[in-house]
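S.K.: Sharing protein-v8.txt here; it has compact mmCIF, C-alpha atoms.
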# COMPACT_ATOMS: atom_id res chain seq x y z
CA MET C 1 0.00 0.00 0.00
CA ASN C 2 2.79 2.39 0.98
CA GLN C 3 4.61 1.63 -2.27
CA ILE C 4 1.47 2.51 -4.19
CA SER C 5 0.98 5.67 -2.14
CA ASN C 6 4.53 6.71 -2.82
CA LEU C 7 3.72 6.71 -6.54
CA PHE C 8 1.06 9.37 -5.95
CA PRO C 9 2.35 11.29 -2.91
CA LYS C 10 0.33 14.46 -3.50
CA ASN C 11 -2.89 13.03 -4.84
CA TRP C 12 -3.11 9.99 -2.61
CA ARG C 13 -5.75 11.63 -0.34
CA ASN C 14 -7.78 12.87 -3.29
CA LEU C 15 -7.57 9.46 -4.93
CA HIS C 16 -9.10 7.92 -1.82
CA PHE C 17 -11.94 10.41 -1.85
CA ILE C 18 -12.58 9.81 -5.53
CA VAL C 19 -12.76 6.03 -4.94
CA LEU C 20 -14.99 6.56 -1.93
CA VAL C 21 -17.36 8.85 -3.80
CA PHE C 22 -17.33 6.41 -6.74
CA PHE C 23 -18.41 3.54 -4.47
CA SER C 24 -21.04 5.72 -2.87
CA ILE C 25 -22.45 6.69 -6.26
CA LEU C 26 -22.37 3.02 -7.25
CA LEU C 27 -24.41 2.11 -4.16
CA LEU C 28 -26.75 5.07 -4.65
CA PHE C 29 -27.52 4.68 -8.30
CA GLY C 30 -26.34 1.15 -9.10
CA GLY C 31 -29.74 -0.27 -8.31
CA LYS C 32 -30.53 -3.65 -6.81
CA ASN C 33 -27.79 -5.37 -8.83
CA ILE C 34 -25.21 -3.63 -6.68
CA THR C 35 -26.96 -3.02 -3.33
CA GLU C 36 -28.48 -6.46 -2.82
CA PRO C 37 -25.24 -8.47 -3.23
CA ALA C 38 -23.50 -5.88 -1.02
CA SER C 39 -26.24 -6.24 1.59
CA ARG C 40 -26.06 -10.06 1.41
CA PHE C 41 -22.29 -9.94 1.83
CA VAL C 42 -22.52 -7.64 4.88
CA ILE C 43 -25.27 -9.71 6.46
CA SER C 44 -23.49 -13.02 5.90
CA SER C 45 -20.13 -11.76 7.15
CA PHE C 46 -21.10 -9.36 9.99
CA TYR C 47 -24.68 -10.08 11.03
CA TYR C 48 -24.87 -13.86 10.73
CA PRO C 49 -23.16 -14.81 14.04
CA PHE C 50 -25.33 -12.33 15.95
CA PHE C 51 -28.49 -13.63 14.32
CA LYS C 52 -27.44 -17.08 15.54
CA ILE C 53 -26.82 -15.73 19.05
CA LYS C 54 -30.15 -13.89 19.06
CA ASN C 55 -32.02 -16.96 17.82
CA PHE C 56 -30.32 -19.02 20.52
CA MET C 57 -31.28 -16.47 23.17
CA MET C 58 -34.88 -16.37 21.93
CA GLU C 59 -34.98 -20.17 21.88
CA MET C 60 -33.65 -20.27 25.44
CA THR C 61 -36.27 -17.72 26.52
CA ALA C 62 -38.99 -19.79 24.85
CA VAL C 63 -37.64 -22.95 26.47
CA ALA C 64 -37.58 -21.22 29.87
CA ALA C 65 -41.18 -20.06 29.40
CA GLU C 66 -42.22 -23.56 28.29
CA ASN C 67 -40.36 -24.97 31.28
CA ASP C 68 -42.31 -22.68 33.63
CA LEU C 69 -45.57 -23.70 31.97
CA LEU C 70 -44.73 -27.40 32.23
CA ARG C 71 -43.73 -26.94 35.87
CA GLU C 72 -47.11 -25.33 36.56
CA GLN C 73 -48.88 -28.16 34.75
CA LEU C 74 -46.85 -30.70 36.72
CA VAL C 75 -47.84 -29.11 40.04
CA SER C 76 -51.46 -28.98 38.91
CA ALA C 77 -51.37 -32.62 37.72
CA SER C 78 -49.66 -33.74 40.94
CA SER C 79 -52.29 -32.09 43.12
CA ARG C 80 -55.00 -33.59 40.90
CA ILE C 81 -53.46 -37.04 41.26
CA ALA C 82 -53.24 -36.56 45.04
CA GLY C 83 -56.94 -35.61 45.02
CA LEU C 84 -57.83 -38.66 42.93
CA GLU C 85 -55.80 -40.93 45.20
CA GLU C 86 -57.63 -39.51 48.22
CA GLU C 87 -60.94 -40.09 46.42
CA ALA C 88 -59.88 -43.66 45.62
CA ARG C 89 -59.13 -44.29 49.29
CA GLU C 90 -62.48 -42.79 50.27
CA ASN C 91 -64.14 -44.92 47.62
CA GLU C 92 -62.56 -48.04 49.13
CA ARG C 93 -63.66 -47.06 52.63
CA LEU C 94 -67.21 -46.41 51.44
CA ARG C 95 -67.25 -49.77 49.63
CA ASN C 96 -66.37 -51.43 52.94
CA LEU C 97 -69.17 -49.52 54.66
CA LEU C 98 -71.67 -50.51 51.99
CA GLY C 99 -72.22 -53.99 53.40
CA PHE C 100 -72.59 -52.76 56.98
CA GLU C 101 -75.95 -53.78 58.52
CA PRO C 102 -77.53 -51.97 61.52
CA PRO C 103 -78.82 -53.93 64.54
CA LEU C 104 -82.47 -54.89 64.45
CA GLY C 105 -84.76 -51.91 65.18
CA TYR C 106 -82.25 -49.30 64.07
CA SER C 107 -81.47 -47.56 60.82
CA LEU C 108 -78.14 -46.02 59.80
CA VAL C 109 -77.58 -42.28 59.36
CA PRO C 110 -74.25 -41.91 57.55
CA ALA C 111 -72.11 -39.03 58.80
CA LYS C 112 -68.69 -37.52 58.27
CA VAL C 113 -66.34 -36.36 61.01
CA ILE C 114 -65.75 -32.62 60.73
CA SER C 115 -63.47 -32.13 63.71
CA VAL C 116 -62.16 -33.97 66.76
CA THR C 117 -61.09 -32.83 70.22
CA PHE C 118 -58.05 -34.47 71.76
CA ASP C 119 -57.23 -35.09 75.40
CA GLY C 120 -53.83 -36.75 75.31
CA ALA C 121 -52.97 -39.15 72.48
CA LEU C 122 -56.53 -40.02 71.45
CA PRO C 123 -59.58 -37.93 70.61
CA VAL C 124 -62.35 -37.76 73.24
CA SER C 125 -65.08 -36.16 71.16
CA ALA C 126 -65.91 -35.54 67.53
CA VAL C 127 -68.23 -33.26 65.59
CA ILE C 128 -70.18 -34.88 62.74
CA ASN C 129 -72.09 -33.30 59.85
CA ARG C 130 -75.51 -34.60 60.86
CA GLY C 131 -77.91 -32.85 63.27
CA SER C 132 -81.50 -32.48 64.24
CA ARG C 133 -82.48 -31.89 60.59
CA ASP C 134 -81.37 -35.46 59.95
CA THR C 135 -83.39 -36.68 62.97
CA VAL C 136 -80.25 -37.23 65.02
CA ALA C 137 -80.97 -37.00 68.76
CA VAL C 138 -79.04 -37.04 72.02
CA ASP C 139 -77.95 -40.50 73.31
CA GLN C 140 -78.14 -42.19 69.94
CA PRO C 141 -75.20 -44.61 69.51
CA VAL C 142 -72.53 -43.95 66.90
CA VAL C 143 -70.71 -46.80 65.18
CA ASN C 144 -68.55 -47.56 62.19
CA GLN C 145 -67.88 -50.82 60.36
CA SER C 146 -65.36 -51.87 63.06
CA GLY C 147 -67.56 -51.37 66.07
CA LEU C 148 -68.86 -48.95 68.69
CA ILE C 149 -67.56 -45.38 68.57
CA GLY C 150 -69.60 -43.49 71.17
CA ARG C 151 -72.88 -41.63 71.60
CA ILE C 152 -74.44 -38.32 70.66
CA THR C 153 -74.24 -35.80 73.51
CA GLU C 154 -75.23 -32.56 71.79
CA VAL C 155 -77.31 -31.83 68.69
CA LEU C 156 -77.51 -28.70 66.54
CA GLY C 157 -79.32 -28.17 63.23
CA ASN C 158 -76.63 -29.58 60.96
CA PHE C 159 -74.03 -30.81 63.43
CA SER C 160 -73.78 -33.13 66.43
CA VAL C 161 -71.16 -33.80 69.05
CA VAL C 162 -70.17 -37.43 69.65
CA GLN C 163 -68.76 -38.50 73.01
CA LEU C 164 -66.25 -41.19 72.06
CA LEU C 165 -65.48 -44.39 74.00
CA THR C 166 -62.08 -42.88 74.72
CA ASP C 167 -63.67 -40.18 76.90
CA PRO C 168 -63.06 -41.32 80.55
CA ALA C 169 -66.57 -40.04 81.41
CA ASN C 170 -68.19 -42.52 79.00
CA ARG C 171 -69.49 -45.92 80.24
CA VAL C 172 -70.82 -48.87 78.25
CA ALA C 173 -72.72 -51.79 79.75
CA ALA C 174 -71.03 -54.77 78.09
CA ARG C 175 -70.80 -58.51 78.10
CA ILE C 176 -68.51 -61.23 76.82
CA ALA C 177 -70.02 -62.35 73.54
CA GLU C 178 -69.27 -66.06 74.19
CA THR C 179 -70.12 -66.49 77.88
CA ARG C 180 -72.62 -63.56 78.20
CA GLU C 181 -71.00 -62.49 81.49
CA MET C 182 -71.29 -58.75 82.09
CA GLY C 183 -69.14 -55.82 83.07
CA ILE C 184 -68.74 -52.11 82.40
CA VAL C 185 -66.38 -50.81 79.74
CA LYS C 186 -64.68 -47.50 80.37
CA TYR C 187 -61.55 -45.69 79.31
CA LYS C 188 -58.84 -44.97 81.87
CA THR C 189 -56.32 -42.34 80.87
CA ASN C 190 -53.23 -44.33 81.89
CA GLU C 191 -54.48 -47.86 81.16
CA GLY C 192 -56.65 -47.54 78.06
CA LEU C 193 -59.95 -49.32 77.52
CA VAL C 194 -60.82 -51.67 80.42
CA LEU C 195 -63.67 -53.99 81.40
CA ASP C 196 -64.58 -53.04 84.95
CA ASN C 197 -66.73 -54.75 87.55
CA PHE C 198 -65.95 -58.21 86.19
CA PRO C 199 -65.82 -60.81 89.05
CA VAL C 200 -62.53 -62.70 89.57
CA GLN C 201 -64.33 -66.01 89.40
CA GLY C 202 -65.91 -65.13 86.00
CA THR C 203 -64.95 -66.97 82.84
CA ILE C 204 -62.91 -64.80 80.56
CA HIS C 205 -59.97 -65.42 78.21
CA GLU C 206 -57.61 -63.31 76.22
CA GLY C 207 -59.04 -62.68 72.74
CA ASP C 208 -62.67 -62.84 73.89
CA LEU C 209 -64.99 -60.49 72.04
CA ILE C 210 -66.72 -57.81 74.14
CA VAL C 211 -70.07 -56.45 72.93
CA SER C 212 -72.55 -53.95 74.33
CA SER C 213 -75.24 -55.59 76.48
CA GLY C 214 -78.00 -53.04 75.72
CA LEU C 215 -78.76 -52.77 79.45
CA GLY C 216 -77.74 -49.14 79.89
CA GLY C 217 -80.55 -47.96 77.67
CA VAL C 218 -78.24 -45.98 75.41
CA TYR C 219 -76.29 -48.49 73.36
CA ALA C 220 -78.07 -51.16 71.36
CA ALA C 221 -77.19 -54.74 72.30
CA GLY C 222 -74.54 -56.61 70.33
CA LEU C 223 -72.35 -53.70 69.17
CA THR C 224 -68.69 -54.75 69.08
CA VAL C 225 -66.67 -52.85 71.70
CA GLY C 226 -63.31 -54.61 71.59
CA THR C 227 -61.34 -57.76 72.42
CA VAL C 228 -59.69 -58.89 75.66
CA ARG C 229 -55.95 -58.19 75.60
CA GLU C 230 -54.82 -58.98 79.15
CA ILE C 231 -56.43 -60.21 82.39
CA PHE C 232 -55.19 -59.54 85.94
CA ARG C 233 -56.77 -61.53 88.81
CA PRO C 234 -55.57 -60.15 92.17
CA ASP C 235 -55.98 -62.73 95.01
CA ASP C 236 -57.57 -60.42 97.52
CA ALA C 237 -59.94 -58.51 95.17
CA GLN C 238 -63.55 -59.10 94.14
CA PHE C 239 -63.11 -57.93 90.55
CA CYS C 240 -60.42 -58.70 88.04
CA LYS C 241 -58.76 -56.15 85.84
CA VAL C 242 -59.42 -56.77 82.12
CA MET C 243 -57.53 -54.71 79.52
CA LEU C 244 -59.23 -54.37 76.11
CA ASP C 245 -58.19 -53.54 72.58
CA PRO C 246 -60.89 -51.26 71.12
CA ALA C 247 -62.53 -52.55 67.95
CA ALA C 248 -62.52 -49.12 66.27
CA LYS C 249 -59.42 -47.09 65.45
CA PHE C 250 -60.05 -43.82 67.25
CA GLY C 251 -56.97 -42.17 65.72
CA SER C 252 -58.40 -42.27 62.19
CA LEU C 253 -62.12 -41.58 62.38
CA GLU C 254 -63.72 -40.43 59.11
CA GLU C 255 -67.05 -41.98 58.10
CA LEU C 256 -69.44 -42.94 60.92
CA PHE C 257 -73.04 -44.07 61.31
CA VAL C 258 -75.55 -42.79 63.81
CA LEU C 259 -77.92 -45.58 64.90
CA ARG C 260 -81.37 -44.06 64.76
CA PRO C 261 -84.13 -46.13 66.44
CA ASP C 262 -86.91 -47.00 64.01
CA ILE C 263 -90.20 -45.30 64.86
CA LYS C 264 -92.74 -47.91 65.88
CA MET L 265 -3.33 -6.36 8.15
CA ILE L 266 -3.31 -6.52 11.94
CA ARG L 267 -3.96 -2.78 12.14
CA TYR L 268 -7.35 -3.30 10.46
CA ILE L 269 -8.55 -5.81 13.07
CA PRO L 270 -9.87 -3.15 15.49
CA PHE L 271 -11.95 -1.62 12.69
CA VAL L 272 -13.40 -5.04 11.80
CA LEU L 273 -14.28 -5.45 15.47
CA TYR L 274 -15.96 -2.02 15.47
CA LEU L 275 -18.00 -3.10 12.44
CA LEU L 276 -18.96 -6.30 14.26
CA LEU L 277 -19.95 -4.13 17.21
CA ILE L 278 -22.28 -2.18 14.91
CA ALA L 279 -23.81 -5.41 13.63
CA MET L 280 -24.17 -6.75 17.17
CA ASN L 281 -25.83 -3.51 18.24
CA GLU L 282 -28.30 -3.68 15.36
CA VAL L 283 -29.21 -7.32 16.08
CA ILE L 284 -28.99 -7.70 19.86
CA TRP L 285 -28.26 -4.56 21.89
CA ARG L 286 -30.44 -1.96 20.25
CA ASP L 287 -33.69 -3.15 21.85
CA PHE L 288 -32.11 -3.75 25.26
CA THR L 289 -30.39 -0.37 25.49
CA ALA L 290 -33.25 1.68 24.04
CA LEU L 291 -35.07 3.93 26.52
CA TYR L 292 -38.64 4.71 25.46
CA MET L 293 -37.67 3.82 21.85
CA ILE L 294 -34.68 6.19 22.01
CA ALA L 295 -31.65 4.16 20.94
CA ILE L 296 -27.92 4.83 21.12
CA ASN L 297 -26.56 5.73 17.68
CA VAL L 298 -23.62 3.33 17.88
CA PRO L 299 -22.47 3.63 14.21
CA ALA L 300 -22.28 7.45 14.38
CA MET L 301 -20.61 7.29 17.81
CA LEU L 302 -17.93 4.90 16.52
CA VAL L 303 -17.33 7.01 13.41
CA VAL L 304 -16.88 10.14 15.57
CA LEU L 305 -14.51 8.26 17.91
CA VAL L 306 -12.44 7.02 14.96
CA SER L 307 -12.40 10.57 13.53
CA ILE L 308 -11.20 11.98 16.86
CA PHE L 309 -8.41 9.47 17.38
CA LYS L 310 -7.40 8.42 13.84
CA SER L 311 -6.56 9.96 10.46
CA GLU L 312 -8.87 11.61 7.95
CA LEU L 313 -8.74 8.73 5.46
CA THR L 314 -9.33 6.13 8.16
CA ALA L 315 -12.34 8.13 9.38
CA ALA L 316 -13.72 8.42 5.85
CA TRP L 317 -13.36 4.74 4.98
CA PHE L 318 -14.57 3.59 8.37
CA GLY L 319 -17.59 5.89 8.03
CA PHE L 320 -18.32 4.44 4.61
CA LEU L 321 -18.13 0.83 5.84
CA ALA L 322 -20.05 1.62 9.03
CA GLY L 323 -22.82 3.10 6.87
CA MET L 324 -22.89 -0.05 4.77
CA VAL L 325 -23.02 -2.34 7.80
CA MET L 326 -25.68 -0.35 9.64
CA SER L 327 -28.01 -0.25 6.63
CA ALA L 328 -27.45 -3.84 5.47
CA GLY L 329 -31.06 -4.62 6.36
CA ASN L 330 -32.24 -1.78 4.08
CA PRO L 331 -30.20 -2.04 0.87
CA ASP L 332 -31.97 0.97 -0.72
CA GLY L 333 -30.53 3.28 1.91
CA MET L 334 -27.08 1.71 1.91
CA GLY L 335 -25.47 4.27 -0.44
CA TRP L 336 -26.92 7.24 1.45
CA GLN L 337 -25.82 5.94 4.85
CA ALA L 338 -22.34 5.07 3.55
CA LEU L 339 -21.91 8.52 2.06
CA LEU L 340 -23.44 10.23 5.09
CA LEU L 341 -21.22 8.56 7.68
CA ALA L 342 -18.12 8.96 5.50
CA THR L 343 -18.90 12.70 5.20
CA ILE L 344 -19.51 12.96 8.96
CA GLY L 345 -16.20 11.18 9.57
CA ILE L 346 -14.32 13.68 7.39
CA ALA L 347 -16.23 16.65 8.85
CA VAL L 348 -15.55 15.61 12.44
CA PHE L 349 -11.88 15.09 11.62
CA HIS L 350 -11.61 18.66 10.27
CA VAL L 351 -13.53 20.14 13.19
CA ARG L 352 -11.29 18.40 15.72
CA GLU L 353 -8.23 19.70 13.83
CA LYS L 354 -9.42 23.24 14.49
CA LEU L 355 -10.69 22.74 18.06
CA ASN L 356 -8.79 22.14 21.26
CA LEU L 357 -10.03 18.61 22.00
CA GLU L 358 -8.12 18.24 25.25
CA SER L 359 -11.33 18.86 27.15
CA ILE L 360 -13.77 15.96 27.51
CA TYR L 361 -16.68 18.39 27.22
CA SER L 362 -15.57 19.61 23.80
CA LYS L 363 -15.36 16.00 22.62
CA VAL L 364 -18.80 15.26 24.02
CA LEU L 365 -20.18 18.40 22.36
CA LEU L 366 -18.64 17.36 19.06
CA MET L 367 -20.15 13.91 19.51
CA ALA L 368 -23.60 15.37 20.25
CA GLY L 369 -23.43 17.64 17.20
CA ALA L 370 -22.27 14.86 14.87
CA VAL L 371 -24.87 12.35 16.09
CA LEU L 372 -27.64 14.98 15.86
CA LEU L 373 -26.51 15.79 12.32
CA HIS L 374 -26.50 12.10 11.41
CA ASN L 375 -29.95 11.55 12.89
CA LEU L 376 -31.37 14.63 11.15
CA LEU L 377 -29.90 13.78 7.76
CA SER L 378 -31.04 10.15 8.05
CA ILE L 379 -34.61 11.34 8.68
CA LEU L 380 -34.29 13.90 5.91
CA ILE L 381 -33.50 11.06 3.54
CA ASN L 382 -36.06 8.57 4.81
CA ASP L 383 -39.01 10.41 6.38
CA LEU L 384 -39.11 14.05 5.34
CA ASN L 385 -42.79 14.54 6.26
CA ARG L 386 -42.30 13.95 9.97
CA ILE L 387 -38.95 15.67 10.37
CA LEU L 388 -40.15 18.29 12.91
CA PHE L 389 -41.83 15.72 15.10
CA LEU L 390 -38.92 13.29 14.87
CA THR L 391 -36.34 16.01 15.58
CA TRP L 392 -37.81 16.58 19.04
CA SER L 393 -39.00 13.07 19.76
CA TYR L 394 -36.04 11.09 18.45
CA CYS L 395 -33.05 12.97 16.97
CA LEU L 396 -32.33 15.21 19.93
CA PRO L 397 -32.93 12.62 22.71
CA SER L 398 -30.88 10.04 20.80
CA ALA L 399 -28.01 12.54 20.38
CA ILE L 400 -28.10 13.30 24.13
CA TYR L 401 -28.25 9.61 25.05
CA THR L 402 -25.36 8.75 22.71
CA SER L 403 -23.32 11.68 24.05
CA LEU L 404 -23.86 10.48 27.63
CA VAL L 405 -22.54 7.06 26.70
CA ALA L 406 -19.60 8.69 24.87
CA TRP L 407 -18.96 10.88 27.93
CA LEU L 408 -18.66 7.76 30.11
CA PHE L 409 -16.34 6.24 27.50
CA PHE L 410 -14.09 9.36 27.54
CA LEU L 411 -14.04 9.36 31.35
CA PHE L 412 -12.90 5.72 31.35
CA LYS L 413 -10.44 6.28 28.51
CA GLU L 414 -8.75 9.21 30.25
CA LYS L 415 -8.83 7.30 33.55
CA ARG L 416 -10.86 9.97 35.31
CA PHE L 417 -13.46 7.40 36.14
CA THR L 418 -11.92 4.15 37.31
CA LEU L 419 -13.07 1.13 39.27
CA GLU L 420 -11.12 2.50 42.25
CA ASN L 421 -13.20 5.71 42.04
CA ILE L 422 -16.39 3.68 42.09
CA LYS L 423 -15.14 1.58 45.03
CA SER L 424 -14.14 4.71 46.98
CA VAL L 425 -17.74 5.97 46.80
CA PHE L 426 -18.83 2.93 48.80
Would you put the structure from the file into structure tokens?

M.R.:
Amino acid sequence: MNQISNLFPKNWRNLHFIVLVFFSILLLFGGKNITEPASRFVISSFYYPFFKIKNFMMEMTAVAAENDLLREQLVSASSRIAGLEEEARENERLRNLLGFEPPLGYSLVPAKVISVTFDGALPVSAVINRGSRDTVAVDQPVVNQSGLIGRITEVLGNFSVVQLLTDPANRVAARIAETREMGIVKYKTNEGLVLDNFPVQGTIHEGDLIVSSGLGGVYAAGLTVGTVREIFRPDDAQFCKVMLDPAAKFGSLEELFVLRPDIK
Amino acid sequence: MIRYIPFVLYLLLIAMNEVIWRDFTALYMIAINVPAMLVVLVSIFKSELTAAWFGFLAGMVMSAGNPDGMGWQALLLATIGIAVFHVREKLNLESIYSKVLLMAGAVLLHNLLSILINDLNRILFLTWSYCLPSAIYTSLVAWLFFLFKEKRFTLENIKSVF
């Protein structure tokens, strides 16, 4: 370049300007035959890498947005699946309840537990979604498919309070299903469910089924209360100490039945 | 050949600005006039011929998406490059403010002439709504560049504020 410029030392600057103006005029008046190839050349050599980068960035943004959308859909689907699983479990429970028959002279009022009140490890009372509008009344027994749960102690229009067997204030007149010998079932805070007032000379074995006797006037006869777990017979006492396993699981109460006496 | 590499990088910078930066750096549709800014910077720091040729190529690169305006932009930026070179020959450009003023004037001239070529009917409206704000915005960026270049604004200065 310098060798060429040395050939035209004085006019070198002017020569540049002439070439520059010539190219400008070519671009201005050369028409599409000149400008379009020039444009294509500039785009392919200068713009192309940045178009690639921009496309990549836009793709990444789109992928991120799609990712967010899919994440939302996943959360929604997961919660829906959890809901369906819960419904499936409820369905299974209700299927089990379907074959449940009430004692003679009673009809079943199905109810759901709305809330429970705890006193220690187990609940002592529960609120159900049936009340006086469903002809629920005080002292009606409450059961589920496993056995006796408790009795109604308070009734409102759409709700009732159930005193559970686990309330130490609750008593159930009971008998051994096999031998028909009687006692009183109650819940002791430190010992659990026990059969009280059972004479030491009575016939009782571990695993015996305990049912309500119907003598108290509240609970219908023949409702399963529990099974004998352990028997203590002190030498110098009139009554033996009988520990029971309750038939119902009081830690997981959901669907219950109120036993409503049939109107004669 | 190596001495041309910076100018190729400047041209790539113009292309990158047109494709990627322009939308990100625009404030209320007012964009930095990067091609004009680079042409003015080259004119301030390099020779007349370099400024003219760089202006010509910068014009071509910036208007590659609009081939009809390619000749006008090439000629316009080459002329601005030569004009800025001659102005800086006659001015004392030791002061940053004089450089920034020159930058503002050149960018405003480029914006005005570009609109004159492309959109004559709306020139009054665009002068106030685009040309002038864009010239000010570009000059502010150039001012920061001059501060960094002359080491009046360094990372140590920024750290000392905190």

S.K.: Closest to Pro299 in chain L among L:Val425, L:Leu388, L:Leu321, L:Leu404, using all atoms listed in the file?

M.R.: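 Closest to Pro299 in chain L of all the choices is L:Leu321.
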
S.K.: Can you work out the spacing between CA of Val194 in chain C and CA of Lys241 in chain C in Å, to one decimal?

M.R.: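 Answer for the CA of Val194 in chain C to CA of Lys241 in chain C separation: 7.3 Å.
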
S.K.: Please determine, counting all atoms listed in the file, which residue among C:Leu195, C:Ile43, C:Ile34, C:Val142 has the shortest atom-to-atom distance to Val325 in chain L.

M.R.: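 With all atoms listed in the file as the atom set, the closest residue is C:Ile43.
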
S.K.: Find the spatial neighbours of range 178-192 of chain C, counting only C-alpha atoms, within a cut-off of 9 Å - ignore same-chain residues fewer than 4 positions away - and output them as a ChimeraX atom specification.

M.R.: /C:120,165-174,196-199,202-204,208-210,212-213,225,243-246

S.K.: Once you count only C-alpha atoms, which residues of chain L turn out to be within 6 Å of chain C? Could you give them as a PyMOL selection string?

M.R.: chain L and resi 276+279-280+328+331+335+339

S.K.: Figure out the distance between CA of Glu72 in chain C and CA of Met60 in chain C, please, to one decimal in Å.

M.R.: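 Pair CA of Met60 in chain C / CA of Glu72 in chain C returns 18.2 Å.
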
S.K.: What is the CA of Glu312 in chain L-CA of Gly345 in chain L distance in Å, reported with one decimal?

M.R.: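 Going from CA of Glu312 in chain L over to CA of Gly345 in chain L covers 7.5 Å.
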
S.K.: Determine the nearest neighbour of Thr117 in chain C from the options C:Gln163, C:Gly214, C:Glu90, C:Phe56, counting only C-alpha atoms.

M.R.: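 Comparing C:Gln163, C:Gly214, C:Glu90, C:Phe56 against Thr117 in chain C, the winner is C:Gln163.
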
S.K.: Which residue, C:Ser146, C:Thr227, C:Asn129, C:Thr135, has the smallest gap to Ala177 in chain C when you use all atoms listed in the file?

M.R.: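 Comparing C:Ser146, C:Thr227, C:Asn129, C:Thr135 against Ala177 in chain C, the winner is C:Thr227.
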
S.K.: Output as an mmCIF file, keeping the file's coordinate frame: range 146-151 of chain C, completed with all heavy atoms.

M.R.:
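Below is the file that was written, part_2.cif:
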data_model
loop_
_atom_site.group_PDB
_atom_site.id
_atom_site.type_symbol
_atom_site.label_atom_id
_atom_site.label_comp_id
_atom_site.auth_asym_id
_atom_site.auth_seq_id
_atom_site.Cartn_x
_atom_site.Cartn_y
_atom_site.Cartn_z
ATOM 1 N N SER C 146 -66.189 -51.073 62.140
ATOM 2 C CA SER C 146 -65.360 -51.870 63.060
ATOM 3 C C SER C 146 -66.070 -52.137 64.367
ATOM 4 O O SER C 146 -65.830 -53.162 65.008
ATOM 5 C CB SER C 146 -64.049 -51.146 63.347
ATOM 6 O OG SER C 146 -63.387 -50.847 62.152
ATOM 7 N N GLY C 147 -66.885 -51.169 64.795
ATOM 8 C CA GLY C 147 -67.560 -51.370 66.070
ATOM 9 C C GLY C 147 -68.065 -50.074 66.662
ATOM 10 O O GLY C 147 -68.234 -49.069 65.956
ATOM 11 N N LEU C 148 -68.271 -50.091 67.993
ATOM 12 C CA LEU C 148 -68.860 -48.950 68.690
ATOM 13 C C LEU C 148 -67.870 -47.782 68.768
ATOM 14 O O LEU C 148 -66.687 -47.981 69.080
ATOM 15 C CB LEU C 148 -69.289 -49.383 70.094
ATOM 16 C CG LEU C 148 -70.058 -48.378 70.917
ATOM 17 C CD1 LEU C 148 -71.387 -47.994 70.267
ATOM 18 C CD2 LEU C 148 -70.310 -48.908 72.329
ATOM 19 N N ILE C 149 -68.392 -46.580 68.534
ATOM 20 C CA ILE C 149 -67.560 -45.380 68.570
ATOM 21 C C ILE C 149 -67.904 -44.531 69.785
ATOM 22 O O ILE C 149 -67.042 -44.044 70.491
ATOM 23 C CB ILE C 149 -67.752 -44.536 67.287
ATOM 24 C CG1 ILE C 149 -67.315 -45.335 66.047
ATOM 25 C CG2 ILE C 149 -67.033 -43.201 67.363
ATOM 26 C CD1 ILE C 149 -65.830 -45.612 65.969
ATOM 27 N N GLY C 150 -69.195 -44.337 70.045
ATOM 28 C CA GLY C 150 -69.600 -43.490 71.170
ATOM 29 C C GLY C 150 -71.071 -43.186 71.091
ATOM 30 O O GLY C 150 -71.837 -43.956 70.502
ATOM 31 N N ARG C 151 -71.465 -42.010 71.652
ATOM 32 C CA ARG C 151 -72.880 -41.630 71.600
ATOM 33 C C ARG C 151 -73.011 -40.126 71.394
ATOM 34 O O ARG C 151 -72.072 -39.372 71.694
ATOM 35 C CB ARG C 151 -73.581 -42.043 72.903
ATOM 36 C CG ARG C 151 -73.061 -41.302 74.104
ATOM 37 C CD ARG C 151 -73.647 -41.858 75.391
ATOM 38 N NE ARG C 151 -73.147 -41.118 76.535
ATOM 39 C CZ ARG C 151 -73.899 -40.290 77.277
ATOM 40 N NH1 ARG C 151 -75.155 -40.092 76.984
ATOM 41 N NH2 ARG C 151 -73.377 -39.666 78.314
#
